[in-house]
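K.L.:
Let me give you the structure first, and then I'll get to my questions.
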Amino acid sequence: MAAEIRSHDQCTASGERKSHHSDKIKNNLISRLNRIEGQIRGVKGLIEKDTYCDDVLNQISSIQSALNGVGKLLLEHHMKSCVIERIQEGDDEVISELLVTMNKLMK
């Protein structure tokens, strides 16, 4: 696990906040997003072909589920890296930020 998370200091040296995912995690996220992108193009094609609405809605549901999976994975790694590091640095504001983000994800 430690090999998957890079040092927080390395990622914020320029003063801007950046994620610090391992190449393995980043590739996993990109792969998932590429599949989702393909699914969205597929739904567009279904609409262009006047596909039955229920079939299109089921495809949209699959896309939403896939996006939720990406969100959960990002949230997990965010909590295990950025949130923990900021709390250890004494930055308790990260908890409020996390709660706002979680509320947005749960809509």
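Ligands are numbered from 1 in the order shown, chains are lettered A, B, ... in the order of the structure tokens, and residues start at 1 in each chain.
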What's around Ser62 of chain A at 12 Å? Count only C-alpha atoms, leave out sequence neighbours fewer than 2 positions away in its own chain, and write the answer as a PDB file with N, CA, C and O atoms, in the first residue's frame.
P.N.:
```pdb
ATOM      1  N   ARG A  35     -13.638   3.278 -20.663  1.00  0.00           N
ATOM      2  CA  ARG A  35     -14.804   2.408 -20.893  1.00  0.00           C
ATOM      3  C   ARG A  35     -16.102   3.209 -20.775  1.00  0.00           C
ATOM      4  O   ARG A  35     -17.025   3.035 -21.572  1.00  0.00           O
ATOM      5  N   ILE A  36     -16.166   4.087 -19.777  1.00  0.00           N
ATOM      6  CA  ILE A  36     -17.358   4.919 -19.584  1.00  0.00           C
ATOM      7  C   ILE A  36     -17.560   5.836 -20.787  1.00  0.00           C
ATOM      8  O   ILE A  36     -18.681   6.011 -21.279  1.00  0.00           O
ATOM      9  N   GLN A  39     -19.112   3.884 -23.418  1.00  0.00           N
ATOM     10  CA  GLN A  39     -20.530   3.655 -23.120  1.00  0.00           C
ATOM     11  C   GLN A  39     -21.369   4.885 -23.466  1.00  0.00           C
ATOM     12  O   GLN A  39     -22.477   4.752 -23.992  1.00  0.00           O
ATOM     13  N   ILE A  40     -20.843   6.057 -23.186  1.00  0.00           N
ATOM     14  CA  ILE A  40     -21.574   7.291 -23.483  1.00  0.00           C
ATOM     15  C   ILE A  40     -21.740   7.450 -24.991  1.00  0.00           C
ATOM     16  O   ILE A  40     -22.820   7.803 -25.479  1.00  0.00           O
ATOM     17  N   GLY A  42     -21.877   5.039 -27.019  1.00  0.00           N
ATOM     18  CA  GLY A  42     -22.868   4.030 -27.369  1.00  0.00           C
ATOM     19  C   GLY A  42     -24.284   4.518 -27.128  1.00  0.00           C
ATOM     20  O   GLY A  42     -25.180   4.283 -27.954  1.00  0.00           O
ATOM     21  N   VAL A  43     -24.523   5.199 -26.028  1.00  0.00           N
ATOM     22  CA  VAL A  43     -25.849   5.740 -25.733  1.00  0.00           C
ATOM     23  C   VAL A  43     -26.230   6.795 -26.774  1.00  0.00           C
ATOM     24  O   VAL A  43     -27.372   6.830 -27.243  1.00  0.00           O
ATOM     25  N   ASP A  55     -34.422   0.772 -23.055  1.00  0.00           N
ATOM     26  CA  ASP A  55     -33.096   0.221 -23.315  1.00  0.00           C
ATOM     27  C   ASP A  55     -32.014   1.280 -23.118  1.00  0.00           C
ATOM     28  O   ASP A  55     -30.950   1.005 -22.545  1.00  0.00           O
ATOM     29  N   VAL A  56     -32.296   2.499 -23.564  1.00  0.00           N
ATOM     30  CA  VAL A  56     -31.350   3.606 -23.388  1.00  0.00           C
ATOM     31  C   VAL A  56     -31.203   3.930 -21.902  1.00  0.00           C
ATOM     32  O   VAL A  56     -30.085   4.120 -21.402  1.00  0.00           O
ATOM     33  N   LEU A  57     -32.306   3.976 -21.193  1.00  0.00           N
ATOM     34  CA  LEU A  57     -32.262   4.282 -19.761  1.00  0.00           C
ATOM     35  C   LEU A  57     -31.468   3.231 -18.988  1.00  0.00           C
ATOM     36  O   LEU A  57     -30.732   3.571 -18.047  1.00  0.00           O
ATOM     37  N   ASN A  58     -31.582   1.976 -19.381  1.00  0.00           N
ATOM     38  CA  ASN A  58     -30.793   0.931 -18.725  1.00  0.00           C
ATOM     39  C   ASN A  58     -29.304   1.125 -18.973  1.00  0.00           C
ATOM     40  O   ASN A  58     -28.475   0.887 -18.082  1.00  0.00           O
ATOM     41  N   GLN A  59     -28.938   1.554 -20.161  1.00  0.00           N
ATOM     42  CA  GLN A  59     -27.530   1.842 -20.457  1.00  0.00           C
ATOM     43  C   GLN A  59     -27.038   3.030 -19.636  1.00  0.00           C
ATOM     44  O   GLN A  59     -25.915   3.028 -19.133  1.00  0.00           O
ATOM     45  N   ILE A  60     -27.883   4.038 -19.498  1.00  0.00           N
ATOM     46  CA  ILE A  60     -27.519   5.206 -18.683  1.00  0.00           C
ATOM     47  C   ILE A  60     -27.309   4.792 -17.235  1.00  0.00           C
ATOM     48  O   ILE A  60     -26.366   5.247 -16.569  1.00  0.00           O
ATOM     49  N   GLN A  64     -23.966   5.354 -14.937  1.00  0.00           N
ATOM     50  CA  GLN A  64     -23.964   5.987 -13.620  1.00  0.00           C
ATOM     51  C   GLN A  64     -23.300   5.083 -12.583  1.00  0.00           C
ATOM     52  O   GLN A  64     -22.533   5.551 -11.738  1.00  0.00           O
ATOM     53  N   SER A  65     -23.571   3.786 -12.670  1.00  0.00           N
ATOM     54  CA  SER A  65     -22.959   2.832 -11.749  1.00  0.00           C
ATOM     55  C   SER A  65     -21.445   2.803 -11.933  1.00  0.00           C
ATOM     56  O   SER A  65     -20.685   2.776 -10.956  1.00  0.00           O
ATOM     57  N   ALA A  66     -21.006   2.815 -13.186  1.00  0.00           N
ATOM     58  CA  ALA A  66     -19.566   2.817 -13.464  1.00  0.00           C
ATOM     59  C   ALA A  66     -18.908   4.094 -12.937  1.00  0.00           C
ATOM     60  O   ALA A  66     -17.809   4.054 -12.361  1.00  0.00           O
ATOM     61  N   LEU A  67     -19.560   5.230 -13.111  1.00  0.00           N
ATOM     62  CA  LEU A  67     -19.029   6.493 -12.589  1.00  0.00           C
ATOM     63  C   LEU A  67     -18.969   6.466 -11.062  1.00  0.00           C
ATOM     64  O   LEU A  67     -18.011   6.963 -10.466  1.00  0.00           O
ATOM     65  N   ASN A  68     -19.994   5.881 -10.437  1.00  0.00           N
ATOM     66  CA  ASN A  68     -19.967   5.753  -8.976  1.00  0.00           C
ATOM     67  C   ASN A  68     -18.776   4.914  -8.524  1.00  0.00           C
ATOM     68  O   ASN A  68     -18.159   5.205  -7.506  1.00  0.00           O
ATOM     69  N   GLY A  69     -18.444   3.879  -9.292  1.00  0.00           N
ATOM     70  CA  GLY A  69     -17.283   3.055  -8.970  1.00  0.00           C
ATOM     71  C   GLY A  69     -15.991   3.849  -9.024  1.00  0.00           C
ATOM     72  O   GLY A  69     -15.123   3.702  -8.159  1.00  0.00           O
TER      73      GLY A  69
END
```
K.L.:
Return as JSON, numbers by chain the full set of residues in segment 6-96 of chain A whose backbone-based DSSP assignment is helix (DSSP H, G or I).
P.N.:
{"A": [8, 9, 10, 11, 23, 24, 25, 26, 27, 28, 29, 30, 31, 32, 33, 34, 35, 36, 37, 38, 39, 40, 41, 42, 43, 44, 45, 46, 47, 48, 53, 54, 55, 56, 57, 58, 59, 60, 61, 62, 63, 64, 65, 66, 67, 68, 69, 70, 71, 72, 73, 74, 75, 76, 77, 78, 79, 80, 81, 82, 83, 84, 85, 86, 87, 88, 93, 94, 95, 96]}
K.L.:
When you count only C-alpha atoms, which of these residues is closest to Arg86 of chain A: A:Ser22, A:Leu98, A:Gly71, A:Cys53?
P.N.:
A:Leu98
K.L.:
Which value, in Å to one decimal, gives the distance between atom CA of Ile63 of chain A and atom CA of Leu75 of chain A?
P.N.:
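Spanning atom CA of Ile63 of chain A to atom CA of Leu75 of chain A is a straight-line distance of 18.2 Å.
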K.L.:
Which one of A:Thr51, A:Arg32, A:Ile87, A:His78 sits closest to Lys18 of chain A if you count only C-alpha atoms?
P.N.:
A:His78
K.L.:
Atom CA of Ser96 of chain A to atom CA of Leu29 of chain A: how many Å, to one decimal?
P.N.:
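Computed distance, atom CA of Ser96 of chain A to atom CA of Leu29 of chain A, equals 25.3 Å.
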K.L.:
One decimal, Å: what's the distance from atom CA of Val83 of chain A over to atom CA of Met106 of chain A, could you say?
P.N.:
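Atom-to-atom, atom CA of Val83 of chain A to atom CA of Met106 of chain A, that is 18.8 Å.
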K.L.:
Pick the closest to Met79 of chain A from A:Lys107, A:Ile30, A:Ser19, A:Lys49: which is it, counting only C-alpha atoms?
P.N.:
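Under the stated criterion, the closest residue is A:Ser19.
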